[in-house]
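Visitor: This one is coords21.tsv, TSV, C-alpha atoms and all ligand atoms.
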```tsv
chain	number	residue	atom	x	y	z
A	668	MET	CA	111.01	108.46	12.01
A	669	ASN	CA	112.03	106.73	15.16
A	670	ARG	CA	108.43	105.80	15.84
A	671	LEU	CA	108.15	104.33	12.37
A	672	PHE	CA	111.26	102.27	12.97
A	673	THR	CA	109.88	101.02	16.26
A	674	ALA	CA	106.59	100.05	14.65
A	675	LEU	CA	108.36	98.23	11.83
A	676	PHE	CA	110.66	96.53	14.24
A	677	ALA	CA	107.82	95.42	16.48
A	678	PHE	CA	106.09	94.07	13.40
A	679	ALA	CA	109.17	92.14	12.32
A	680	VAL	CA	109.52	90.74	15.81
A	681	ALA	CA	105.86	89.81	15.86
A	682	CYS	CA	106.36	87.89	12.60
A	683	VAL	CA	109.31	86.01	14.04
A	684	THR	CA	107.28	85.22	17.14
A	685	GLY	CA	104.38	84.03	15.03
A	686	LEU	CA	106.73	81.75	13.18
A	687	ALA	CA	108.14	80.44	16.43
A	688	HIS	CA	104.63	79.62	17.60
A	689	ALA	CA	103.91	77.89	14.35
A	690	GLN	CA	106.99	75.71	14.65
A	691	ALA	CA	106.57	74.79	18.29
A	692	PRO	CA	104.52	71.69	18.97
A	693	SER	CA	101.20	72.75	20.43
A	694	PRO	CA	100.85	71.88	24.12
A	695	ALA	CA	97.60	70.03	23.38
A	696	ALA	CA	99.35	67.80	20.83
A	697	SER	CA	102.17	66.89	23.20
A	698	GLN	CA	99.73	66.20	26.03
A	699	ALA	CA	97.57	63.98	23.84
A	700	GLY	CA	100.48	61.90	22.55
A	701	ALA	CA	101.39	60.53	25.95
A	702	THR	CA	103.56	57.80	24.43
A	703	GLN	CA	105.54	60.29	22.37
A	704	PRO	CA	108.54	61.84	24.02
A	705	ALA	CA	107.65	65.27	25.30
A	706	ALA	CA	109.01	68.14	23.26
A	707	PRO	CA	112.56	68.74	24.44
A	708	ALA	CA	112.29	71.04	27.42
A	709	GLY	CA	113.00	74.51	26.21
A	710	ALA	CA	112.34	73.98	22.50
A	711	ASN	CA	109.84	76.78	22.66
A	712	VAL	CA	112.21	78.88	24.73
A	713	GLN	CA	114.91	78.40	22.11
A	714	ALA	CA	112.55	79.74	19.48
A	715	LYS	CA	111.88	82.83	21.62
A	716	VAL	CA	115.51	83.26	22.51
A	717	ALA	CA	116.35	83.30	18.81
A	718	MET	CA	114.81	86.76	18.87
A	719	CYS	CA	117.22	87.97	21.54
A	720	MET	CA	120.44	86.42	20.28
A	721	GLY	CA	121.00	88.88	17.45
A	722	CYS	CA	121.75	91.51	20.06
A	723	HIS	CA	122.42	89.90	23.44
A	724	ASN	CA	124.66	87.06	22.23
A	725	ILE	CA	127.02	88.99	20.00
A	726	PRO	CA	130.26	89.99	21.69
A	727	GLY	CA	130.87	93.70	21.38
A	728	TYR	CA	127.43	94.48	19.96
A	729	ARG	CA	126.35	98.06	20.42
A	730	ALA	CA	123.05	99.88	20.45
A	731	SER	CA	122.78	103.34	19.00
A	732	PHE	CA	119.78	104.76	20.86
A	733	PRO	CA	119.67	107.16	22.64
A	734	GLU	CA	123.46	107.08	22.33
A	735	VAL	CA	126.00	104.43	21.37
A	736	TYR	CA	126.58	101.92	24.17
A	737	SER	CA	127.11	98.17	24.54
A	738	VAL	CA	124.03	95.96	24.66
A	739	PRO	CA	123.80	94.74	28.28
A	740	MET	CA	124.96	91.27	29.25
A	741	ILE	CA	122.04	89.20	30.49
A	742	ALA	CA	123.52	85.66	30.62
A	743	GLY	CA	124.17	85.02	34.32
A	744	GLN	CA	121.89	87.83	35.50
A	745	SER	CA	119.35	86.73	38.10
A	746	ALA	CA	116.14	85.37	36.61
A	747	LYS	CA	113.87	87.51	38.76
A	748	TYR	CA	115.63	90.68	37.66
A	749	ILE	CA	115.53	89.72	33.96
A	750	ALA	CA	111.80	89.14	34.35
A	751	ALA	CA	111.32	92.41	36.26
A	752	ALA	CA	113.19	94.33	33.56
A	753	LEU	CA	111.13	92.75	30.76
A	754	HIS	CA	107.91	93.64	32.61
A	755	ALA	CA	109.18	97.20	33.02
A	756	TYR	CA	109.68	97.50	29.23
A	757	GLN	CA	106.26	95.96	28.73
A	758	ASN	CA	104.43	98.35	31.03
A	759	GLY	CA	106.38	101.40	29.92
A	760	ASP	CA	108.34	102.09	33.11
A	761	ARG	CA	111.34	101.58	30.86
A	762	LYS	CA	110.95	103.54	27.65
A	763	HIS	CA	113.68	102.09	25.41
A	764	PRO	CA	111.69	101.70	22.15
A	765	THR	CA	113.34	98.56	20.75
A	766	MET	CA	113.13	96.62	24.00
A	767	ARG	CA	109.55	97.81	24.45
A	768	GLY	CA	108.66	96.51	20.99
A	769	ILE	CA	110.17	93.16	21.86
A	770	ALA	CA	108.85	92.82	25.41
A	771	THR	CA	105.27	93.50	24.34
A	772	THR	CA	105.37	90.39	22.12
A	773	LEU	CA	106.15	88.15	25.13
A	774	THR	CA	103.62	86.45	27.40
A	775	ASP	CA	104.24	86.12	31.13
A	776	GLN	CA	105.11	82.47	30.53
A	777	ASP	CA	107.63	83.41	27.83
A	778	ILE	CA	109.22	85.89	30.21
A	779	THR	CA	109.60	83.34	33.00
A	780	ALA	CA	111.08	80.76	30.63
A	781	ILE	CA	113.48	83.18	28.93
A	782	ALA	CA	114.60	84.62	32.27
A	783	ASP	CA	115.38	81.14	33.64
A	784	TYR	CA	117.17	80.30	30.42
A	785	TYR	CA	119.50	83.30	30.48
A	786	ALA	CA	120.14	82.99	34.22
A	787	ALA	CA	121.25	79.37	33.73
A	788	LEU	CA	123.21	80.14	30.56
A	789	GLY	CA	125.56	82.37	32.52
A	790	LYS	CA	126.38	79.66	35.04
A	791	GLU	CA	128.01	77.42	32.43
A	792	GLY	CA	131.71	77.57	33.04
A	793	GLY	CA	131.49	80.79	35.04
A	794	LYS	CA	133.01	81.12	38.46
A	795	PRO	CA	131.12	82.92	41.21
A	796	LEU	CA	132.76	86.08	42.46
A	797	GLY	CA	134.32	86.36	45.89
A	798	ASP	CA	132.24	87.91	48.64
A	799	GLN	CA	133.93	91.27	48.62
A	800	LEU	CA	134.95	93.75	45.96
A	801	ALA	CA	138.08	92.39	44.30
A	802	ARG	CA	139.50	95.87	43.91
A	803	GLN	CA	138.68	98.89	46.03
A	804	PRO	CA	137.55	102.06	44.27
A	805	ASP	CA	139.62	105.22	44.39
A	806	ALA	CA	138.77	107.88	46.97
A	807	GLN	CA	136.33	109.75	44.72
A	808	VAL	CA	134.30	106.70	43.71
A	809	SER	CA	134.46	105.32	47.22
A	810	GLY	CA	132.84	108.52	48.48
A	811	LEU	CA	130.14	108.37	45.81
A	812	MET	CA	129.39	104.74	46.60
A	813	GLN	CA	129.11	105.48	50.29
A	814	LYS	CA	126.82	108.42	49.67
A	815	ALA	CA	124.22	106.16	48.05
A	816	ALA	CA	125.12	102.89	49.80
A	817	CYS	CA	125.26	100.94	46.52
A	818	VAL	CA	126.48	97.77	48.27
A	819	SER	CA	123.54	97.79	50.69
A	820	CYS	CA	121.27	96.75	47.81
A	821	HIS	CA	123.54	95.38	45.08
A	822	GLY	CA	125.60	93.34	47.56
A	823	PRO	CA	129.09	93.60	49.08
A	824	ASN	CA	130.62	92.49	45.77
A	825	LEU	CA	127.93	94.28	43.68
A	826	SER	CA	126.84	90.88	42.38
A	827	ARG	CA	124.76	89.53	45.32
A	828	PRO	CA	121.75	91.81	45.45
A	829	ILE	CA	119.68	91.67	48.63
A	830	ASP	CA	116.63	90.90	46.54
A	831	PRO	CA	116.74	88.68	43.44
A	832	SER	CA	114.69	91.22	41.53
A	833	TYR	CA	117.61	93.67	41.86
A	834	PRO	CA	120.40	93.44	39.28
A	835	LYS	CA	123.93	92.14	39.53
A	836	ILE	CA	125.98	95.08	38.30
A	837	SER	CA	129.60	94.06	38.90
A	838	GLY	CA	131.45	93.96	35.58
A	839	GLN	CA	128.45	94.88	33.44
A	840	HIS	CA	129.58	96.97	30.44
A	841	ALA	CA	130.60	100.40	31.77
A	842	ASP	CA	129.05	102.34	28.89
A	843	TYR	CA	125.74	100.53	29.42
A	844	LEU	CA	125.86	101.17	33.18
A	845	PHE	CA	126.35	104.86	32.49
A	846	ALA	CA	123.45	104.95	30.01
A	847	ALA	CA	121.23	103.07	32.49
A	848	LEU	CA	122.12	105.37	35.39
A	849	LYS	CA	121.36	108.45	33.29
A	850	ALA	CA	118.09	106.87	32.17
A	851	TYR	CA	116.88	106.82	35.79
A	852	LYS	CA	117.24	110.62	35.81
A	853	THR	CA	115.09	111.00	32.68
A	854	GLU	CA	111.39	111.42	33.27
A	855	ASN	CA	108.47	112.57	31.17
A	856	ASN	CA	110.09	111.65	27.88
A	857	PRO	CA	108.00	109.23	25.83
A	858	SER	CA	110.92	107.44	24.15
A	859	MET	CA	113.72	107.37	26.69
A	860	GLY	CA	114.33	107.02	30.39
A	861	ARG	CA	113.32	104.70	33.21
A	862	SER	CA	110.81	105.35	35.96
A	863	ASN	CA	111.98	103.60	39.06
A	864	GLY	CA	111.35	105.03	42.52
A	865	VAL	CA	114.47	103.54	44.07
A	866	MET	CA	117.12	104.14	41.39
A	867	GLY	CA	115.52	107.42	40.28
A	868	ALA	CA	116.05	108.94	43.72
A	869	ILE	CA	119.62	107.64	43.80
A	870	ALA	CA	120.73	108.64	40.30
A	871	LYS	CA	119.38	112.16	40.73
A	872	GLN	CA	121.83	112.78	43.57
A	873	PHE	CA	124.73	112.61	41.14
A	874	SER	CA	126.04	114.66	38.23
A	875	ASN	CA	126.58	112.85	34.94
A	876	ALA	CA	130.34	113.05	35.51
A	877	GLU	CA	129.89	111.30	38.85
A	878	LEU	CA	127.65	108.65	37.30
A	879	LYS	CA	130.31	108.07	34.67
A	880	ALA	CA	133.00	107.57	37.32
A	881	LEU	CA	130.74	105.10	39.15
A	882	ALA	CA	129.95	103.23	35.93
A	883	ARG	CA	133.60	103.06	34.94
A	884	TYR	CA	134.61	101.54	38.28
A	885	VAL	CA	131.70	99.07	38.52
A	886	GLY	CA	132.22	98.05	34.89
A	887	SER	CA	135.92	97.40	35.46
A	888	LEU	CA	135.26	94.70	38.09
A	889	ASP	CA	135.01	90.98	37.44
A	890	SER	CA	131.57	89.75	36.50
A	891	GLU	CA	129.19	86.86	36.77
A	892	LEU	CA	127.56	88.20	33.60
A	893	HIS	CA	128.61	87.00	30.16
A	894	VAL	CA	127.99	87.32	26.47
A	895	LYS	CA	127.53	83.80	25.14
A	896	PRO	CA	128.32	83.95	21.44
A	897	GLU	CA	125.51	82.91	19.15
A	898	SER	CA	127.40	79.91	17.76
A	899	ARG	CA	127.28	78.28	21.21
A	900	PHE	CA	123.55	77.72	20.69
A	901	ARG	CA	123.90	75.56	17.64
A	1001	LIG	C1	117.80	94.96	18.56
A	1001	LIG	C2	118.63	94.54	19.68
A	1001	LIG	C3	117.96	93.80	20.84
A	1001	LIG	C4	117.18	92.66	20.78
A	1001	LIG	C5	116.75	91.89	19.54
A	1001	LIG	C6	116.87	92.33	22.16
A	1001	LIG	N1	117.43	93.25	23.00
A	1001	LIG	FE1	117.25	93.27	25.03
A	1001	LIG	N2	118.24	95.04	25.08
A	1001	LIG	C7	118.76	95.71	24.00
A	1001	LIG	C8	119.26	97.00	24.43
A	1001	LIG	C9	119.91	98.04	23.55
A	1001	LIG	C10	119.00	97.07	25.82
A	1001	LIG	C11	119.27	98.25	26.75
A	1001	LIG	C12	117.98	99.05	26.81
A	1001	LIG	C13	117.98	100.14	27.82
A	1001	LIG	O1	118.86	100.99	27.77
A	1001	LIG	O2	117.10	100.10	28.71
A	1001	LIG	C14	118.37	95.82	26.19
A	1001	LIG	C15	117.99	95.52	27.50
A	1001	LIG	C16	117.51	94.29	27.88
A	1001	LIG	C17	117.29	93.88	29.26
A	1001	LIG	C18	117.60	94.71	30.49
A	1001	LIG	C19	118.99	94.38	30.95
A	1001	LIG	C20	119.35	95.06	32.22
A	1001	LIG	O3	120.49	94.85	32.70
A	1001	LIG	O4	118.53	95.80	32.78
A	1001	LIG	C21	116.81	92.61	29.22
A	1001	LIG	C22	116.44	91.76	30.41
A	1001	LIG	C23	116.69	92.23	27.83
A	1001	LIG	N3	117.13	93.27	27.04
A	1001	LIG	C24	116.22	91.02	27.39
A	1001	LIG	C25	115.99	90.72	26.05
A	1001	LIG	C26	115.31	89.52	25.61
A	1001	LIG	C27	114.81	88.44	26.54
A	1001	LIG	C28	115.24	89.59	24.25
A	1001	LIG	C29	114.56	88.60	23.31
A	1001	LIG	C30	113.21	88.26	23.62
A	1001	LIG	C31	115.90	90.83	23.85
A	1001	LIG	N4	116.32	91.49	24.97
A	1001	LIG	C32	116.09	91.24	22.54
A	1001	LIG	C33	118.81	95.25	22.70
A	1001	LIG	C34	118.10	94.16	22.24
A	1002	LIG	C1	117.83	100.87	47.88
A	1002	LIG	C2	118.41	99.86	46.99
A	1002	LIG	C3	119.41	100.35	45.95
A	1002	LIG	C4	120.53	101.12	46.15
A	1002	LIG	C5	121.01	101.77	47.43
A	1002	LIG	C6	121.18	101.21	44.85
A	1002	LIG	N1	120.48	100.51	43.91
A	1002	LIG	FE1	120.92	100.35	41.95
A	1002	LIG	N2	119.21	99.34	41.61
A	1002	LIG	C7	118.30	98.99	42.58
A	1002	LIG	C8	117.15	98.40	41.95
A	1002	LIG	C9	115.91	97.88	42.65
A	1002	LIG	C10	117.40	98.40	40.56
A	1002	LIG	C11	116.48	97.92	39.44
A	1002	LIG	C12	115.63	99.07	38.98
A	1002	LIG	C13	114.83	98.74	37.75
A	1002	LIG	O1	114.04	97.78	37.81
A	1002	LIG	O2	115.00	99.41	36.72
A	1002	LIG	C14	118.71	98.99	40.39
A	1002	LIG	C15	119.32	99.18	39.16
A	1002	LIG	C16	120.58	99.69	39.00
A	1002	LIG	C17	121.27	99.80	37.73
A	1002	LIG	C18	120.74	99.34	36.38
A	1002	LIG	C19	121.36	98.00	36.09
A	1002	LIG	C20	120.95	97.41	34.77
A	1002	LIG	O3	121.37	96.29	34.49
A	1002	LIG	O4	120.23	98.08	34.01
A	1002	LIG	C21	122.48	100.36	37.98
A	1002	LIG	C22	123.57	100.65	36.97
A	1002	LIG	C23	122.56	100.60	39.39
A	1002	LIG	N3	121.39	100.18	39.99
A	1002	LIG	C24	123.66	101.15	40.03
A	1002	LIG	C25	123.65	101.56	41.35
A	1002	LIG	C26	124.72	102.30	41.95
A	1002	LIG	C27	126.02	102.71	41.23
A	1002	LIG	C28	124.35	102.57	43.24
A	1002	LIG	C29	125.06	103.44	44.26
A	1002	LIG	C30	125.43	104.77	43.76
A	1002	LIG	C31	123.05	101.94	43.44
A	1002	LIG	N4	122.67	101.34	42.27
A	1002	LIG	C32	122.35	101.94	44.63
A	1002	LIG	C33	118.44	99.19	43.94
A	1002	LIG	C34	119.39	99.97	44.54
```
Take the structure in this file and express it as structure tokens.
Guide:
Amino acid sequence: MNRLFTALFAFAVACVTGLAHAQAPSPAASQAGATQPAAPAGANVQAKVAMCMGCHNIPGYRASFPEVYSVPMIAGQSAKYIAAALHAYQNGDRKHPTMRGIATTLTDQDITAIADYYAALGKEGGKPLGDQLARQPDAQVSGLMQKAACVSCHGPNLSRPIDPSYPKISGQHADYLFAALKAYKTENNPSMGRSNGVMGAIAKQFSNAELKALARYVGSLDSELHVKPESRFR
């Protein structure tokens, strides 16, 4: 049933993508017409992003698989991480069926353009976070964070990762953070879970109750991530 849904969804997405291609001026045409103004930068990206908006640009939107949780905020996330995540859905390291269906319709060029687009979208009107955690965790969470040295990779404010292909996590939706952390513990399941050497080893050190406490604290912090409502695009 779920597989059928995924197939249908991927098909629908493929149709939308096909349409987007059809509407975008072909690169050859815009190169040939040197006197014509080039297609507005990002016109093609907008067409691709139209596919994402229905979920990622709706405040409060929730996914229902494998459990109900908020769709992650990606506006303001670092471009390299957005791209890395999309490649992970594409190659199956991340199993989430809907995102796999979508990612497999994207070319490498699409991914780079969409990642830059969402990274820049989050900077509009947002203020960067201070260098340190605005609010210290309680003793329990503090212990858990020290055990796995979260700040050593995600940054002293959990929003300045040491490598741009690592995510900003400060203030991401807590229920999504919890689902993501649990996913790193799930292996050998064809339709759920994430294979990642680094986060897999970390998440497996914690019980689900501990992951939930971590997610609740990290999600309660201020964020450089946003949901830009769909109407802002028009
Ligand atoms: C049907 C709803 C839906 C659509 C459409 C959709 N997404 Fe997603 N997206 C999700 C959900 C749900 C997740 C969380 C999946 C998981 O748990 O791994 C997600 C995860 C992601 C992530 C990983 C975020 C993170 O913090 O790791 C990225 C990046 C992403 N989507 C980008 C896109 C892009 C780009 C598009 C359009 C091309 C798109 N999504 C379309 C629902 C959607
Ligand atoms: C050694 C570096 C490292 C450490 C330490 C680390 N992380 Fe990560 N984390 C990563 C990387 C790399 C990813 C991206 C993995 C992927 O591509 O799926 C990640 C991803 C995540 C995600 C998924 C975010 C999203 O948007 O989907 C969460 C949540 C997370 N880490 C929380 C934590 C917490 C909480 C700790 C401490 C308990 C921690 N991490 C410690 C490197 C690290």
Visitor: As a quick test: using all atoms listed in the file, which residues lie no more than 7 Å away from ligand LIG 1001 (chain A)? Give them as a ChimeraX atom specification.
Guide: /A:715-716,718-723,730,738-741,749-750,752-753,761,763,765-766,769-770,781-782,834,846-847
Visitor: Write out as a CSV table (one decimal) with C-alpha atoms, in the frame of the given file each polymer residue whose atoms come within 7 Å of Gly743 (chain A), counting only C-alpha atoms; drop sequence neighbours fewer than 2 positions from it.
Guide:
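Below you can see part-v1.csv, which holds the result:
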```csv
chain,number,residue,atom,x,y,z
A,741,ILE,CA,122.0,89.2,30.5
A,745,SER,CA,119.4,86.7,38.1
A,785,TYR,CA,119.5,83.3,30.5
A,786,ALA,CA,120.1,83.0,34.2
A,787,ALA,CA,121.2,79.4,33.7
A,788,LEU,CA,123.2,80.1,30.6
A,789,GLY,CA,125.6,82.4,32.5
A,790,LYS,CA,126.4,79.7,35.0
A,891,GLU,CA,129.2,86.9,36.8
A,892,LEU,CA,127.6,88.2,33.6
A,893,HIS,CA,128.6,87.0,30.2
```
Visitor: Distance table requested - chain A against ligand LIG 1002 (chain A), cut-off 8 Å, all atoms listed in the file: one row per qualifying residue with the closest atom pair and its distance in Å to one decimal, ordered by chain and rising residue number, as CSV.
Guide:
```
residue,atom,partner,partner_atom,distance
A:Pro739,CA,A:LIG1002,O3,6.8
A:Tyr748,CA,A:LIG1002,O1,7.3
A:Ala751,CA,A:LIG1002,O1,6.2
A:Ala752,CA,A:LIG1002,O1,5.5
A:Ala755,CA,A:LIG1002,O1,6.8
A:Arg761,CA,A:LIG1002,O2,7.2
A:Leu811,CA,A:LIG1002,C30,6.3
A:Met812,CA,A:LIG1002,C30,4.9
A:Gln813,CA,A:LIG1002,C30,7.5
A:Lys814,CA,A:LIG1002,C30,7.1
A:Ala815,CA,A:LIG1002,C30,4.7
A:Ala816,CA,A:LIG1002,C5,4.9
A:Cys817,CA,A:LIG1002,C29,3.4
A:Val818,CA,A:LIG1002,C5,6.8
A:Ser819,CA,A:LIG1002,C5,5.7
A:Cys820,CA,A:LIG1002,C2,4.3
A:His821,CA,A:LIG1002,N1,6.1
A:Ser832,CA,A:LIG1002,C9,6.9
A:Tyr833,CA,A:LIG1002,C9,4.6
A:Pro834,CA,A:LIG1002,C19,5.6
A:Lys835,CA,A:LIG1002,O3,7.0
A:Ile836,CA,A:LIG1002,C19,5.9
A:Gln839,CA,A:LIG1002,O3,7.3
A:Tyr843,CA,A:LIG1002,O4,7.6
A:Leu844,CA,A:LIG1002,C22,4.5
A:Phe845,CA,A:LIG1002,C22,6.7
A:Ala847,CA,A:LIG1002,O4,5.3
A:Leu848,CA,A:LIG1002,C22,5.2
A:Tyr851,CA,A:LIG1002,O2,7.7
A:Arg861,CA,A:LIG1002,O2,6.6
A:Ser862,CA,A:LIG1002,O2,7.3
A:Asn863,CA,A:LIG1002,O2,5.7
A:Val865,CA,A:LIG1002,C1,5.7
A:Met866,CA,A:LIG1002,N2,5.2
A:Ile869,CA,A:LIG1002,C32,6.4
A:Ala870,CA,A:LIG1002,C30,7.0
A:Leu878,CA,A:LIG1002,C27,7.3
A:Leu881,CA,A:LIG1002,C27,5.7
A:Ala882,CA,A:LIG1002,C27,6.6
A:Val885,CA,A:LIG1002,C27,7.3
```
Visitor: Let me make sure I understand: among A:Gly759, A:Ala710, A:Pro828, A:Gln744, which one has the smallest atom-to-atom distance to Asp777 (chain A) if we use all atoms listed in the file?
Guide: A:Ala710
Visitor: Please, what distance in Å, to one decimal, runs between CA of Pro804 (chain A) and CA of Ser887 (chain A)?
Guide: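 Separation between CA of Pro804 (chain A) and CA of Ser887 (chain A): 10.1 Å.
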Visitor: Give the answer as one residue: which of A:Leu796, A:Glu854, A:Gln713, A:Gly886 has the shortest atom-to-atom distance to Gly867 (chain A), using all atoms listed in the file?
Guide: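 So, comparing all the options, the nearest one is A:Glu854.
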Visitor: Rounded to one decimal, what separation in Å do you get between CA of Arg827 (chain A) and CA of Tyr884 (chain A)?
Guide: 17.1 Å
Visitor: Would you compute the distance between CA of Lys747 (chain A) and CA of Ser826 (chain A)? Give it in Å to one decimal.
Guide: 13.9 Å
Visitor: Counting all atoms listed in the file, figure out which residue out of A:Pro733, A:Asp805, A:Ser874, A:Asn711 gets nearest to Lys762 (chain A).
Guide: A:Pro733
Visitor: Using all atoms listed in the file, which residue out of A:Ala746, A:His840, A:Asp783, A:Ser858 lies closest to Pro726 (chain A)?
Guide: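 Residue with the minimum atom-to-atom distance to Pro726 (chain A): A:His840.
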